[in-house]
>>> print(open('entry00.cif').read())   # mmCIF, C-alpha atoms and all ligand atoms
data_structure
#
loop_
_atom_site.label_atom_id
_atom_site.label_comp_id
_atom_site.auth_asym_id
_atom_site.auth_seq_id
_atom_site.Cartn_x
_atom_site.Cartn_y
_atom_site.Cartn_z
CA MET A 1 0.00 0.00 0.00
CA ALA A 2 2.81 2.40 0.92
CA PRO A 3 3.82 3.57 -2.59
CA PHE A 4 0.23 4.67 -3.16
CA TRP A 5 -0.11 6.91 -0.13
CA ARG A 6 3.42 8.35 -0.08
CA GLY A 7 4.13 11.42 -2.18
CA VAL A 8 1.63 12.44 -4.83
CA PRO A 9 -0.42 9.39 -5.70
CA GLY A 10 -1.42 8.86 -9.32
CA ASN A 11 -5.13 9.14 -10.02
CA ALA A 12 -6.21 5.93 -11.74
CA SER A 13 -8.34 7.97 -14.13
CA SER A 14 -5.32 9.99 -15.38
CA LEU A 15 -3.52 8.96 -18.55
CA HIS A 16 0.01 9.82 -17.35
CA ALA A 17 2.45 7.24 -15.96
CA GLY A 18 1.39 7.73 -12.31
CA GLY A 19 -2.25 7.24 -13.27
CA ARG A 20 -1.46 4.15 -15.30
CA ARG A 21 0.48 2.66 -12.38
CA ALA A 22 -2.48 3.21 -10.06
CA LYS A 23 -4.89 1.70 -12.60
CA GLU A 24 -2.71 -1.39 -13.03
CA ALA A 25 -2.50 -1.88 -9.26
CA ILE A 26 -6.28 -1.50 -8.92
CA ASP A 27 -6.89 -3.99 -11.72
CA GLU A 28 -4.54 -6.46 -10.09
CA ALA A 29 -6.47 -6.08 -6.81
CA ARG A 30 -9.66 -6.83 -8.78
CA THR A 31 -8.23 -10.18 -9.89
CA HIS A 32 -7.42 -11.17 -6.29
CA VAL A 33 -10.86 -10.24 -4.97
CA ALA A 34 -12.55 -12.07 -7.87
CA ALA A 35 -10.46 -15.20 -7.23
CA LEU A 36 -11.30 -15.19 -3.52
CA LEU A 37 -15.02 -14.96 -4.30
CA GLY A 38 -14.92 -17.62 -7.00
CA VAL A 39 -15.81 -15.12 -9.73
CA ARG A 40 -14.37 -15.69 -13.23
CA GLU A 41 -14.56 -12.12 -14.51
CA PRO A 42 -12.50 -9.60 -12.45
CA SER A 43 -14.09 -6.67 -14.32
CA ARG A 44 -17.33 -7.44 -12.42
CA ILE A 45 -15.69 -6.43 -9.09
CA PHE A 46 -16.39 -2.77 -8.22
CA PHE A 47 -14.55 -1.07 -5.38
CA THR A 48 -16.47 0.80 -2.68
CA SER A 49 -15.82 2.42 0.69
CA GLY A 50 -16.66 -0.79 2.59
CA GLY A 51 -19.22 -3.44 3.37
CA THR A 52 -21.88 -0.92 4.33
CA GLU A 53 -21.72 0.92 1.00
CA SER A 54 -21.74 -2.37 -0.91
CA ASP A 55 -24.84 -3.59 0.97
CA VAL A 56 -26.70 -0.29 0.60
CA TRP A 57 -25.77 -0.08 -3.09
CA ALA A 58 -26.98 -3.65 -3.75
CA LEU A 59 -30.40 -3.11 -2.17
CA ARG A 60 -31.07 0.41 -3.36
CA GLY A 61 -29.48 -0.22 -6.75
CA VAL A 62 -31.83 -3.13 -7.48
CA PHE A 63 -34.94 -1.21 -6.44
CA GLU A 64 -33.89 2.02 -8.15
CA SER A 65 -32.93 0.36 -11.44
CA ASP A 66 -34.93 1.79 -14.38
CA LEU A 67 -34.79 -1.57 -16.16
CA ALA A 68 -36.37 -3.60 -13.36
CA ASP A 69 -39.82 -5.14 -13.67
CA ALA A 70 -42.08 -2.73 -11.71
CA GLU A 71 -44.44 -5.60 -10.87
CA ARG A 72 -41.73 -7.09 -8.71
CA ASP A 73 -42.19 -5.15 -5.48
CA HIS A 74 -41.01 -7.72 -2.94
CA LEU A 75 -37.74 -7.77 -0.98
CA LEU A 76 -36.80 -10.70 1.23
CA VAL A 77 -33.98 -10.41 3.77
CA SER A 78 -33.28 -12.47 6.88
CA ALA A 79 -34.08 -11.11 10.33
CA VAL A 80 -30.42 -11.58 11.30
CA GLU A 81 -28.79 -9.45 8.56
CA HIS A 82 -26.29 -6.73 9.41
CA PRO A 83 -27.92 -3.31 9.99
CA ALA A 84 -26.44 -2.13 6.66
CA VAL A 85 -28.95 -4.47 4.98
CA LEU A 86 -31.77 -4.31 7.55
CA GLU A 87 -31.93 -0.53 7.84
CA THR A 88 -31.75 -0.11 4.07
CA ALA A 89 -34.53 -2.68 3.65
CA ARG A 90 -36.70 -0.83 6.18
CA ARG A 91 -36.08 2.43 4.37
CA LEU A 92 -37.16 0.84 1.08
CA ALA A 93 -40.25 -0.54 2.84
CA ARG A 94 -41.20 2.98 3.94
CA ARG A 95 -41.16 3.89 0.23
CA GLY A 96 -43.57 1.11 -0.73
CA VAL A 97 -41.39 -1.98 -1.18
CA ARG A 98 -43.06 -5.08 0.29
CA LEU A 99 -40.57 -6.42 2.84
CA THR A 100 -40.36 -9.88 4.39
CA LEU A 101 -37.92 -10.64 7.19
CA ALA A 102 -37.17 -14.36 7.09
CA PRO A 103 -37.17 -15.79 10.64
CA VAL A 104 -34.53 -18.05 12.18
CA ASP A 105 -34.78 -20.87 14.72
CA ARG A 106 -33.17 -21.02 18.18
CA LEU A 107 -29.83 -21.90 16.61
CA GLY A 108 -30.07 -18.98 14.17
CA ARG A 109 -30.79 -21.24 11.16
CA LEU A 110 -33.02 -20.19 8.28
CA GLY A 111 -35.95 -22.33 7.14
CA ASP A 112 -37.69 -22.27 3.72
CA LEU A 113 -37.72 -18.77 2.28
CA ALA A 114 -41.02 -17.10 1.30
CA VAL A 115 -39.84 -16.14 -2.19
CA ASP A 116 -42.70 -15.52 -4.66
CA THR A 117 -43.16 -14.52 -8.29
CA ARG A 118 -43.10 -10.85 -7.31
CA THR A 119 -39.85 -11.05 -5.36
CA ARG A 120 -37.27 -8.75 -6.94
CA LEU A 121 -34.40 -9.31 -4.52
CA VAL A 122 -33.35 -11.82 -1.87
CA SER A 123 -30.51 -10.66 0.41
CA ILE A 124 -29.02 -13.24 2.78
CA MET A 125 -25.64 -13.08 4.46
CA ALA A 126 -23.11 -15.86 3.86
CA ALA A 127 -22.09 -15.87 7.55
CA ASN A 128 -23.63 -14.11 10.51
CA ASN A 129 -21.38 -11.59 12.24
CA GLU A 130 -22.62 -12.44 15.75
CA THR A 131 -23.09 -16.20 15.81
CA GLY A 132 -20.79 -17.10 12.91
CA ASN A 133 -23.58 -19.26 11.40
CA LEU A 134 -23.10 -20.14 7.73
CA HIS A 135 -26.13 -20.09 5.44
CA ASP A 136 -26.72 -22.53 2.60
CA LEU A 137 -26.03 -20.21 -0.35
CA PRO A 138 -26.27 -22.76 -3.19
CA SER A 139 -29.76 -23.85 -2.17
CA ILE A 140 -30.96 -20.28 -1.58
CA ALA A 141 -29.61 -19.39 -5.04
CA VAL A 142 -31.69 -22.18 -6.60
CA THR A 143 -34.89 -21.00 -4.86
CA THR A 144 -34.18 -17.42 -5.87
CA ARG A 145 -33.45 -18.29 -9.50
CA ASN A 146 -36.55 -20.51 -9.76
CA HIS A 147 -38.61 -17.43 -8.94
CA GLY A 148 -36.71 -15.12 -11.31
CA ALA A 149 -35.39 -12.96 -8.46
CA ILE A 150 -31.92 -11.47 -7.91
CA PHE A 151 -29.73 -12.90 -5.12
CA HIS A 152 -27.47 -10.61 -3.05
CA VAL A 153 -25.07 -12.08 -0.51
CA ASP A 154 -23.42 -10.09 2.26
CA ALA A 155 -20.13 -12.01 2.18
CA VAL A 156 -18.36 -9.61 4.55
CA GLN A 157 -17.78 -12.15 7.33
CA ALA A 158 -17.40 -15.31 5.26
CA CYS A 159 -14.98 -13.91 2.69
CA GLY A 160 -11.46 -15.15 3.42
CA LYS A 161 -12.59 -17.57 6.14
CA VAL A 162 -14.52 -20.19 4.15
CA PRO A 163 -14.28 -21.12 0.45
CA LEU A 164 -16.72 -19.23 -1.79
CA GLU A 165 -17.75 -20.19 -5.33
CA LEU A 166 -20.19 -17.40 -6.13
CA ASP A 167 -20.25 -17.92 -9.91
CA ALA A 168 -20.88 -21.63 -9.64
CA TRP A 169 -23.56 -21.15 -6.97
CA GLY A 170 -25.43 -18.53 -9.02
CA VAL A 171 -25.04 -15.52 -6.72
CA ASP A 172 -25.78 -12.22 -8.50
CA LEU A 173 -24.38 -9.61 -6.10
CA ALA A 174 -21.93 -9.91 -3.19
CA SER A 175 -20.51 -7.47 -0.64
CA VAL A 176 -16.96 -7.58 0.70
CA SER A 177 -15.17 -5.47 3.34
CA GLY A 178 -11.38 -4.94 3.58
CA HIS A 179 -10.98 -4.90 7.34
CA LYS A 180 -12.82 -8.19 7.83
CA LEU A 181 -10.18 -10.09 5.90
CA GLY A 182 -7.08 -8.50 7.31
CA GLY A 183 -7.03 -5.54 4.91
CA PRO A 184 -7.51 -1.84 5.66
CA GLN A 185 -10.66 -0.14 6.94
CA GLY A 186 -12.72 2.05 4.65
CA VAL A 187 -12.51 -0.06 1.51
CA GLY A 188 -14.69 -2.83 0.14
CA ALA A 189 -16.11 -4.24 -3.05
CA LEU A 190 -19.33 -5.28 -4.70
CA TYR A 191 -19.50 -8.18 -7.14
CA LEU A 192 -22.10 -7.50 -9.81
CA ARG A 193 -22.90 -10.37 -12.15
CA GLU A 194 -22.93 -9.43 -15.84
CA GLY A 195 -26.47 -8.69 -16.99
CA VAL A 196 -27.86 -7.74 -13.56
CA SER A 197 -29.14 -4.18 -13.74
CA LEU A 198 -28.13 -2.00 -10.80
CA ALA A 199 -28.59 1.76 -10.49
CA PRO A 200 -25.42 3.48 -9.24
CA LEU A 201 -25.46 4.74 -5.69
CA LEU A 202 -22.73 7.33 -6.31
CA THR A 203 -23.10 9.27 -9.54
CA GLY A 204 -20.42 11.67 -10.74
CA GLY A 205 -17.18 11.35 -12.68
CA GLY A 206 -17.98 7.88 -13.98
CA GLN A 207 -15.15 5.87 -12.35
CA GLU A 208 -15.51 2.09 -12.12
CA GLY A 209 -17.13 1.96 -15.54
CA GLY A 210 -19.75 4.48 -14.47
CA GLN A 211 -21.02 2.12 -11.79
CA ARG A 212 -19.36 3.84 -8.81
CA SER A 213 -18.09 7.39 -9.15
CA GLY A 214 -15.43 8.98 -6.97
CA THR A 215 -11.63 9.04 -7.13
CA HIS A 216 -10.27 5.62 -6.24
CA ASN A 217 -8.84 4.92 -2.78
CA THR A 218 -5.83 3.35 -4.47
CA ALA A 219 -3.82 2.47 -1.35
CA GLY A 220 -6.91 0.97 0.29
CA ILE A 221 -7.81 -1.03 -2.80
CA VAL A 222 -4.26 -2.34 -3.12
CA GLY A 223 -4.43 -3.37 0.57
CA LEU A 224 -7.75 -5.13 0.04
CA GLY A 225 -6.35 -6.92 -3.02
CA GLU A 226 -3.26 -8.11 -1.15
CA ALA A 227 -5.38 -9.24 1.82
CA ALA A 228 -7.58 -11.20 -0.60
CA ARG A 229 -4.55 -12.80 -2.26
CA LEU A 230 -3.09 -13.87 1.11
CA ALA A 231 -6.44 -15.03 2.46
CA ARG A 232 -6.96 -17.26 -0.58
CA ALA A 233 -3.43 -18.69 -0.45
CA GLU A 234 -3.74 -19.53 3.27
CA LEU A 235 -7.46 -20.24 3.52
CA SER A 236 -7.55 -23.95 4.31
CA GLU A 237 -4.57 -23.89 6.67
CA VAL A 238 -5.64 -20.75 8.56
CA SER A 239 -9.28 -21.73 8.90
CA ALA A 240 -8.44 -25.23 10.20
CA ARG A 241 -6.04 -23.69 12.75
CA MET A 242 -8.56 -21.04 13.86
CA ALA A 243 -11.35 -23.62 14.25
CA ALA A 244 -9.12 -25.79 16.46
CA LEU A 245 -8.17 -22.77 18.60
CA ARG A 246 -11.80 -21.64 18.82
CA ASP A 247 -12.82 -25.12 19.98
CA ALA A 248 -10.01 -25.14 22.56
CA PHE A 249 -11.14 -21.73 23.79
CA GLU A 250 -14.76 -22.84 24.16
CA GLU A 251 -13.73 -26.05 25.88
CA GLY A 252 -11.40 -24.13 28.20
CA VAL A 253 -14.28 -21.95 29.34
CA ARG A 254 -16.85 -24.75 29.50
CA SER A 255 -14.66 -27.08 31.55
CA ARG A 256 -14.65 -24.50 34.38
CA VAL A 257 -18.03 -22.87 33.75
CA PRO A 258 -20.35 -25.77 32.85
CA TRP A 259 -23.43 -23.53 32.73
CA VAL A 260 -22.12 -21.41 29.84
CA ARG A 261 -24.34 -21.62 26.73
CA ARG A 262 -22.85 -21.84 23.25
CA LEU A 263 -25.08 -19.90 20.85
CA GLY A 264 -25.74 -20.58 17.18
CA ASP A 265 -25.29 -23.56 14.90
CA ARG A 266 -22.29 -25.61 15.98
CA GLU A 267 -22.24 -27.66 12.78
CA ARG A 268 -22.13 -24.93 10.15
CA ARG A 269 -20.25 -21.89 11.34
CA LEU A 270 -17.20 -19.70 10.74
CA PRO A 271 -13.93 -20.98 12.19
CA ASN A 272 -13.14 -17.84 14.20
CA THR A 273 -16.28 -16.94 16.14
CA ALA A 274 -17.26 -18.11 19.63
CA SER A 275 -20.72 -16.90 20.60
CA LEU A 276 -21.41 -17.57 24.26
CA SER A 277 -23.94 -16.66 26.90
CA PHE A 278 -23.49 -16.61 30.68
CA PRO A 279 -27.08 -16.48 31.92
CA GLY A 280 -27.41 -14.72 35.27
CA ILE A 281 -24.52 -12.33 34.67
CA LYS A 282 -24.22 -9.35 32.35
CA GLY A 283 -22.24 -9.49 29.11
CA GLU A 284 -21.21 -5.84 29.65
CA ALA A 285 -19.74 -6.66 33.08
CA LEU A 286 -17.75 -9.52 31.51
CA LEU A 287 -16.59 -7.25 28.68
CA MET A 288 -15.39 -4.53 31.09
CA ALA A 289 -13.55 -7.01 33.32
CA MET A 290 -11.93 -8.65 30.27
CA ASP A 291 -10.95 -5.23 28.94
CA ALA A 292 -9.23 -4.44 32.25
CA GLU A 293 -7.12 -7.56 31.55
CA GLU A 294 -6.40 -6.23 28.03
CA ILE A 295 -8.52 -8.87 26.33
CA CYS A 296 -10.92 -7.40 23.76
CA VAL A 297 -14.29 -9.11 23.41
CA SER A 298 -17.71 -7.93 22.37
CA THR A 299 -21.28 -8.24 23.58
CA GLY A 300 -23.74 -7.96 20.66
CA SER A 301 -22.49 -6.80 17.28
CA ALA A 302 -19.66 -4.29 17.58
CA CYS A 303 -21.77 -1.60 15.91
CA SER A 304 -24.69 -1.86 18.28
CA SER A 305 -22.89 -2.71 21.50
CA GLY A 306 -22.82 0.28 23.77
CA SER A 307 -26.38 1.05 22.69
CA GLY A 308 -27.80 -0.90 25.66
CA LYS A 309 -30.17 -2.72 23.27
CA PRO A 310 -30.00 -6.50 23.03
CA SER A 311 -28.67 -7.86 19.77
CA HIS A 312 -31.40 -8.16 17.10
CA VAL A 313 -29.77 -11.43 16.01
CA LEU A 314 -30.09 -13.08 19.42
CA VAL A 315 -33.61 -11.65 19.85
CA ALA A 316 -34.59 -13.19 16.48
CA MET A 317 -33.29 -16.54 17.79
CA GLY A 318 -35.78 -16.31 20.67
CA LEU A 319 -33.27 -16.35 23.54
CA SER A 320 -34.52 -15.66 27.07
CA GLN A 321 -33.79 -12.28 28.66
CA SER A 322 -31.07 -13.69 30.89
CA GLN A 323 -29.36 -15.35 27.90
CA LEU A 324 -29.56 -12.07 25.98
CA ASP A 325 -28.09 -10.13 28.90
CA GLY A 326 -25.26 -12.64 29.32
CA ALA A 327 -24.22 -12.80 25.64
CA LEU A 328 -20.54 -12.45 24.78
CA ARG A 329 -18.81 -12.80 21.41
CA VAL A 330 -15.15 -13.67 21.06
CA SER A 331 -13.46 -13.48 17.65
CA LEU A 332 -10.09 -15.00 16.86
CA GLY A 333 -7.71 -13.46 14.36
CA THR A 334 -5.42 -15.16 11.89
CA GLY A 335 -2.47 -14.49 14.24
CA THR A 336 -4.13 -15.75 17.44
CA THR A 337 -1.95 -18.30 19.26
CA ARG A 338 -2.71 -21.28 21.51
CA ASP A 339 -1.17 -19.45 24.49
CA GLU A 340 -3.43 -16.44 23.95
CA VAL A 341 -6.47 -18.69 23.70
CA ASP A 342 -5.59 -20.52 26.93
CA VAL A 343 -4.99 -17.28 28.81
CA ALA A 344 -8.22 -15.73 27.47
CA ALA A 345 -10.28 -18.81 28.39
CA GLY A 346 -8.77 -18.91 31.90
CA VAL A 347 -9.34 -15.19 32.51
CA LEU A 348 -12.91 -15.37 31.19
CA ALA A 349 -13.72 -18.39 33.37
CA ASP A 350 -12.25 -16.66 36.47
CA ILE A 351 -14.30 -13.52 35.83
CA ALA A 352 -17.50 -15.43 35.07
CA LEU A 353 -17.19 -17.48 38.28
CA ARG A 354 -16.44 -14.35 40.34
CA LEU A 355 -19.40 -12.43 38.91
CA ALA A 356 -21.70 -15.45 39.24
CA ALA A 357 -20.87 -15.73 42.94
CA LEU A 358 -22.07 -12.12 43.37
CA SER A 359 -25.14 -12.47 41.14
CA PRO A 360 -28.61 -12.48 42.74
CA ASP A 361 -29.72 -14.67 39.76
CA ARG A 362 -27.01 -17.19 40.44
CA PRO A 363 -26.79 -19.38 37.32
CA SER A 364 -27.93 -22.97 37.53
CA GLU A 365 -25.40 -25.72 36.96
CA ASP A 366 -27.22 -27.39 34.05
CA ALA A 367 -25.18 -28.59 31.13
CA ASP A 368 -24.46 -26.67 27.98
CA VAL A 369 -27.46 -26.71 25.58
N1 LIG A 401 -21.95 -6.81 6.87
C1 LIG A 401 -21.49 -7.56 7.88
C2 LIG A 401 -21.97 -8.98 8.00
C3 LIG A 401 -20.59 -7.04 8.80
O1 LIG A 401 -20.15 -7.79 9.82
C4 LIG A 401 -20.16 -5.69 8.65
C5 LIG A 401 -19.23 -5.07 9.60
O2 LIG A 401 -19.01 -5.52 10.68
C6 LIG A 401 -20.66 -4.95 7.56
C7 LIG A 401 -21.56 -5.54 6.71
C8 LIG A 401 -20.25 -3.54 7.35
O3 LIG A 401 -18.96 -3.48 6.77
P1 LIG A 401 -18.07 -2.15 6.91
O4 LIG A 401 -17.63 -2.09 8.34
O5 LIG A 401 -16.92 -2.38 5.96
O6 LIG A 401 -18.91 -1.00 6.49
#
>>> encode(input="entry00.cif", output="structure tokens")
Amino acid sequence: MAPFWRGVPGNASSLHAGGRRAKEAIDEARTHVAALLGVREPSRIFFTSGGTESDVWALRGVFESDLADAERDHLLVSAVEHPAVLETARRLARRGVRLTLAPVDRLGRLGDLAVDTRTRLVSIMAANNETGNLHDLPSIAVTTRNHGAIFHVDAVQACGKVPLELDAWGVDLASVSGHKLGGPQGVGALYLREGVSLAPLLTGGGQEGGQRSGTHNTAGIVGLGEAARLARAELSEVSARMAALRDAFEEGVRSRVPWVRRLGDRERRLPNTASLSFPGIKGEALLMAMDAEEICVSTGSACSSGSGKPSHVLVAMGLSQSQLDGALRVSLGTGTTRDEVDVAAGVLADIALRLAALSPDRPSEDADV
């Protein structure tokens, strides 16, 4: 990234040598992102300012497209999507779009989707950012295609952690975020399948083939491209290692705190996410005590924690109030070590036992469910 933020960076839209260098670097980044997503045509990757912009562009772009069939007024998203999708969907609903929020079960799994002949867009995340649950994209793509609808996938969490074959599965649109795969913040991408009509969100100078105007964030895009290249090269090794560490972490906590609940689908989930609940004690109290030990964890989603509201994902899963209050999410990184995991599990267990001893709703000792 450094050559592109030092000195006077070339503008990829300029014809001089500096501009050409920037354009080449951006096009190389496109090939890495396309390869990571399982997309054959790199020119269908468009760079954005991040996952949020990609999600908002996908939803609004489909409903604002002049070429779309006006009869198709239905949008289906899951109840556990990131707020970038959910809030955009609600905004569209206020303007007359018929919105369905697909429910999930107690493990956060989706059932059959209520797609109909008037559905214009289905937007389902590849992996949930709170529970780590993976959704069955190939089968959702079949349902969507059978009804003639467009399929958008928020791949922000899954990208770089599990293999993706978006072309082969029949996904039409997909969102990516740099900082979720080890790249920089403030950069992302949208995959847009050839032939899918999407209105631009940002109009202006016509960059990115007129699809997304604005001078390129060249250094950020180069960083995203390099992160995508590394993530793809190391995917199977890193994800197997993270899953083993995540399991060791969960087991380390559970062996000392048998009443901890593991949330979400334990069969189909990301390798790096441990979603736990300590009923009877407060997730915020755990977070603060962990922070004092210099261990960073989260309660609900990072964006909504601090708001005092329970996570919409865990609410949609129908958890009890004490499970909601006691929720804690721990994410491993690619560089997390076994020692760190053991220390973190030990510290968390110590804190949970200390807080439980003080809690008026002392947790019961029943086994993990
Ligand atoms: N979608 C999901 C599933 C996320 O987890 C996030 C961020 O945490 C986003 C979208 C938003 O991405 P960004 O932070 O790049 O705007």
>>> residues_around(input="entry00.cif", residues="Asp69 in chain A", least_positions_apart="6", cutoff="10 Å", atoms="all atoms listed in the file", output="ChimeraX atom specification")
/A:63,118,120
>>> residues_near_ligand(input="entry00.cif", ligand="ligand LIG 401 (chain A)", cutoff="9 Å", atoms="all atoms listed in the file", output="PyMOL selection string")
chain A and resi 49-55+81-85+125-130+154-158+175-180+185-188+301-303
>>> residues_around(input="entry00.cif", residues="Asp172 in chain A", least_positions_apart="2", cutoff="7 Å", atoms="all atoms listed in the file", output="mmCIF file with C-alpha atoms, in the coordinates of the input")
data_model
loop_
_atom_site.group_PDB
_atom_site.id
_atom_site.type_symbol
_atom_site.label_atom_id
_atom_site.label_comp_id
_atom_site.auth_asym_id
_atom_site.auth_seq_id
_atom_site.Cartn_x
_atom_site.Cartn_y
_atom_site.Cartn_z
ATOM 1 C CA ILE A 150 -31.920 -11.470 -7.910
ATOM 2 C CA PHE A 151 -29.730 -12.900 -5.120
ATOM 3 C CA HIS A 152 -27.470 -10.610 -3.050
ATOM 4 C CA GLY A 170 -25.430 -18.530 -9.020
ATOM 5 C CA ALA A 174 -21.930 -9.910 -3.190
ATOM 6 C CA LEU A 192 -22.100 -7.500 -9.810
ATOM 7 C CA ARG A 193 -22.900 -10.370 -12.150
#
>>> closest_residue(input="entry00.cif", among="A:His216, A:Val122, A:Thr100, A:Val62", to="Gly19 in chain A", atoms="all atoms listed in the file")
A:His216
>>> residues_around(input="entry00.cif", residues="Arg30 in chain A", least_positions_apart="5", cutoff="7 Å", atoms="all atoms listed in the file", output="list in words")
Pro42, Ile45 and Gly225 of chain A
>>> atom_distance(input="entry00.cif", atom1="CA of Thr203 in chain A", atom2="CA of Arg40 in chain A")
26.7 Å
>>> atom_distance(input="entry00.cif", atom1="CA of Pro3 in chain A", atom2="CA of Ala219 in chain A")
7.8 Å
>>> residues_around(input="entry00.cif", residues="Arg262 in chain A", least_positions_apart="5", cutoff="10 Å", atoms="all atoms listed in the file", output="list in words")
Leu107, Thr131, Glu250, Arg254, Ala274, Ser275, Leu276, Ser277, Phe278, Ala327, Leu328, Asp368 and Val369 of chain A
>>> closest_residue(input="entry00.cif", among="A:Gly333, A:Gly10, A:Gly18, A:Gly264", to="Cys296 in chain A", atoms="only C-alpha atoms")
A:Gly333
>>> closest_residue(input="entry00.cif", among="A:Arg329, A:His32, A:Arg91, A:Arg60", to="Leu224 in chain A", atoms="all atoms listed in the file")
A:His32
>>> closest_residue(input="entry00.cif", among="A:Ser239, A:Thr48, A:Thr337, A:Ser298", to="Asn272 in chain A", atoms="only C-alpha atoms")
A:Ser239
>>> atom_distance(input="entry00.cif", atom1="CA of Arg21 in chain A", atom2="CA of Leu230 in chain A")
21.6 Å
>>> closest_residue(input="entry00.cif", among="A:Val142, A:Phe4, A:Val171, A:Met242", to="Gly335 in chain A", atoms="all atoms listed in the file")
A:Met242
>>> closest_residue(input="entry00.cif", among="A:Ala25, A:Leu181, A:Leu134, A:Leu67", to="Glu267 in chain A", atoms="all atoms listed in the file")
A:Leu134
>>> residues_near_point(input="entry00.cif", point="(-40.3, -16.7, 13.8)", cutoff="9 Å", atoms="only C-alpha atoms", output="NGL selection string")
:A and (102-105 or 316-318)
>>> write_last_selection(input="entry00.cif", atoms="C-alpha atoms", output="compact mmCIF listing (two decimals), keeping the file's coordinate frame")
# COMPACT_ATOMS: atom_id res chain seq x y z
CA ALA A 102 -37.17 -14.36 7.09
CA PRO A 103 -37.17 -15.79 10.64
CA VAL A 104 -34.53 -18.05 12.18
CA ASP A 105 -34.78 -20.87 14.72
CA ALA A 316 -34.59 -13.19 16.48
CA MET A 317 -33.29 -16.54 17.79
CA GLY A 318 -35.78 -16.31 20.67
>>> residues_near_point(input="entry00.cif", point="(-3.7, -19.0, 5.8)", cutoff="12 Å", atoms="all atoms listed in the file", output="mmCIF file with C-alpha atoms, in the frame of the given file")
data_model
loop_
_atom_site.group_PDB
_atom_site.id
_atom_site.type_symbol
_atom_site.label_atom_id
_atom_site.label_comp_id
_atom_site.auth_asym_id
_atom_site.auth_seq_id
_atom_site.Cartn_x
_atom_site.Cartn_y
_atom_site.Cartn_z
ATOM 1 C CA GLY A 160 -11.460 -15.150 3.420
ATOM 2 C CA LYS A 161 -12.590 -17.570 6.140
ATOM 3 C CA VAL A 162 -14.520 -20.190 4.150
ATOM 4 C CA LEU A 181 -10.180 -10.090 5.900
ATOM 5 C CA GLY A 182 -7.080 -8.500 7.310
ATOM 6 C CA ALA A 227 -5.380 -9.240 1.820
ATOM 7 C CA ALA A 228 -7.580 -11.200 -0.600
ATOM 8 C CA ARG A 229 -4.550 -12.800 -2.260
ATOM 9 C CA LEU A 230 -3.090 -13.870 1.110
ATOM 10 C CA ALA A 231 -6.440 -15.030 2.460
ATOM 11 C CA ARG A 232 -6.960 -17.260 -0.580
ATOM 12 C CA ALA A 233 -3.430 -18.690 -0.450
ATOM 13 C CA GLU A 234 -3.740 -19.530 3.270
ATOM 14 C CA LEU A 235 -7.460 -20.240 3.520
ATOM 15 C CA SER A 236 -7.550 -23.950 4.310
ATOM 16 C CA GLU A 237 -4.570 -23.890 6.670
ATOM 17 C CA VAL A 238 -5.640 -20.750 8.560
ATOM 18 C CA SER A 239 -9.280 -21.730 8.900
ATOM 19 C CA ALA A 240 -8.440 -25.230 10.200
ATOM 20 C CA ARG A 241 -6.040 -23.690 12.750
ATOM 21 C CA MET A 242 -8.560 -21.040 13.860
ATOM 22 C CA GLY A 333 -7.710 -13.460 14.360
ATOM 23 C CA THR A 334 -5.420 -15.160 11.890
ATOM 24 C CA GLY A 335 -2.470 -14.490 14.240
#
>>> residues_around(input="entry00.cif", residues="Leu287 in chain A", least_positions_apart="6", cutoff="12 Å", atoms="only C-alpha atoms", output="PDB file with C-alpha atoms, keeping the file's coordinate frame")
ATOM      1  CA  PHE A 278     -23.490 -16.610  30.680  1.00  0.00           C
ATOM      2  CA  ILE A 281     -24.520 -12.330  34.670  1.00  0.00           C
ATOM      3  CA  GLU A 293      -7.120  -7.560  31.550  1.00  0.00           C
ATOM      4  CA  GLU A 294      -6.400  -6.230  28.030  1.00  0.00           C
ATOM      5  CA  ILE A 295      -8.520  -8.870  26.330  1.00  0.00           C
ATOM      6  CA  CYS A 296     -10.920  -7.400  23.760  1.00  0.00           C
ATOM      7  CA  VAL A 297     -14.290  -9.110  23.410  1.00  0.00           C
ATOM      8  CA  SER A 298     -17.710  -7.930  22.370  1.00  0.00           C
ATOM      9  CA  THR A 299     -21.280  -8.240  23.580  1.00  0.00           C
ATOM     10  CA  GLY A 300     -23.740  -7.960  20.660  1.00  0.00           C
ATOM     11  CA  ALA A 302     -19.660  -4.290  17.580  1.00  0.00           C
ATOM     12  CA  SER A 305     -22.890  -2.710  21.500  1.00  0.00           C
ATOM     13  CA  GLY A 306     -22.820   0.280  23.770  1.00  0.00           C
ATOM     14  CA  ASP A 325     -28.090 -10.130  28.900  1.00  0.00           C
ATOM     15  CA  GLY A 326     -25.260 -12.640  29.320  1.00  0.00           C
ATOM     16  CA  ALA A 327     -24.220 -12.800  25.640  1.00  0.00           C
ATOM     17  CA  LEU A 328     -20.540 -12.450  24.780  1.00  0.00           C
ATOM     18  CA  ARG A 329     -18.810 -12.800  21.410  1.00  0.00           C
ATOM     19  CA  VAL A 330     -15.150 -13.670  21.060  1.00  0.00           C
ATOM     20  CA  ALA A 344      -8.220 -15.730  27.470  1.00  0.00           C
ATOM     21  CA  VAL A 347      -9.340 -15.190  32.510  1.00  0.00           C
ATOM     22  CA  LEU A 348     -12.910 -15.370  31.190  1.00  0.00           C
ATOM     23  CA  ILE A 351     -14.300 -13.520  35.830  1.00  0.00           C
ATOM     24  CA  ALA A 352     -17.500 -15.430  35.070  1.00  0.00           C
ATOM     25  CA  LEU A 355     -19.400 -12.430  38.910  1.00  0.00           C
TER      26      LEU A 355
END
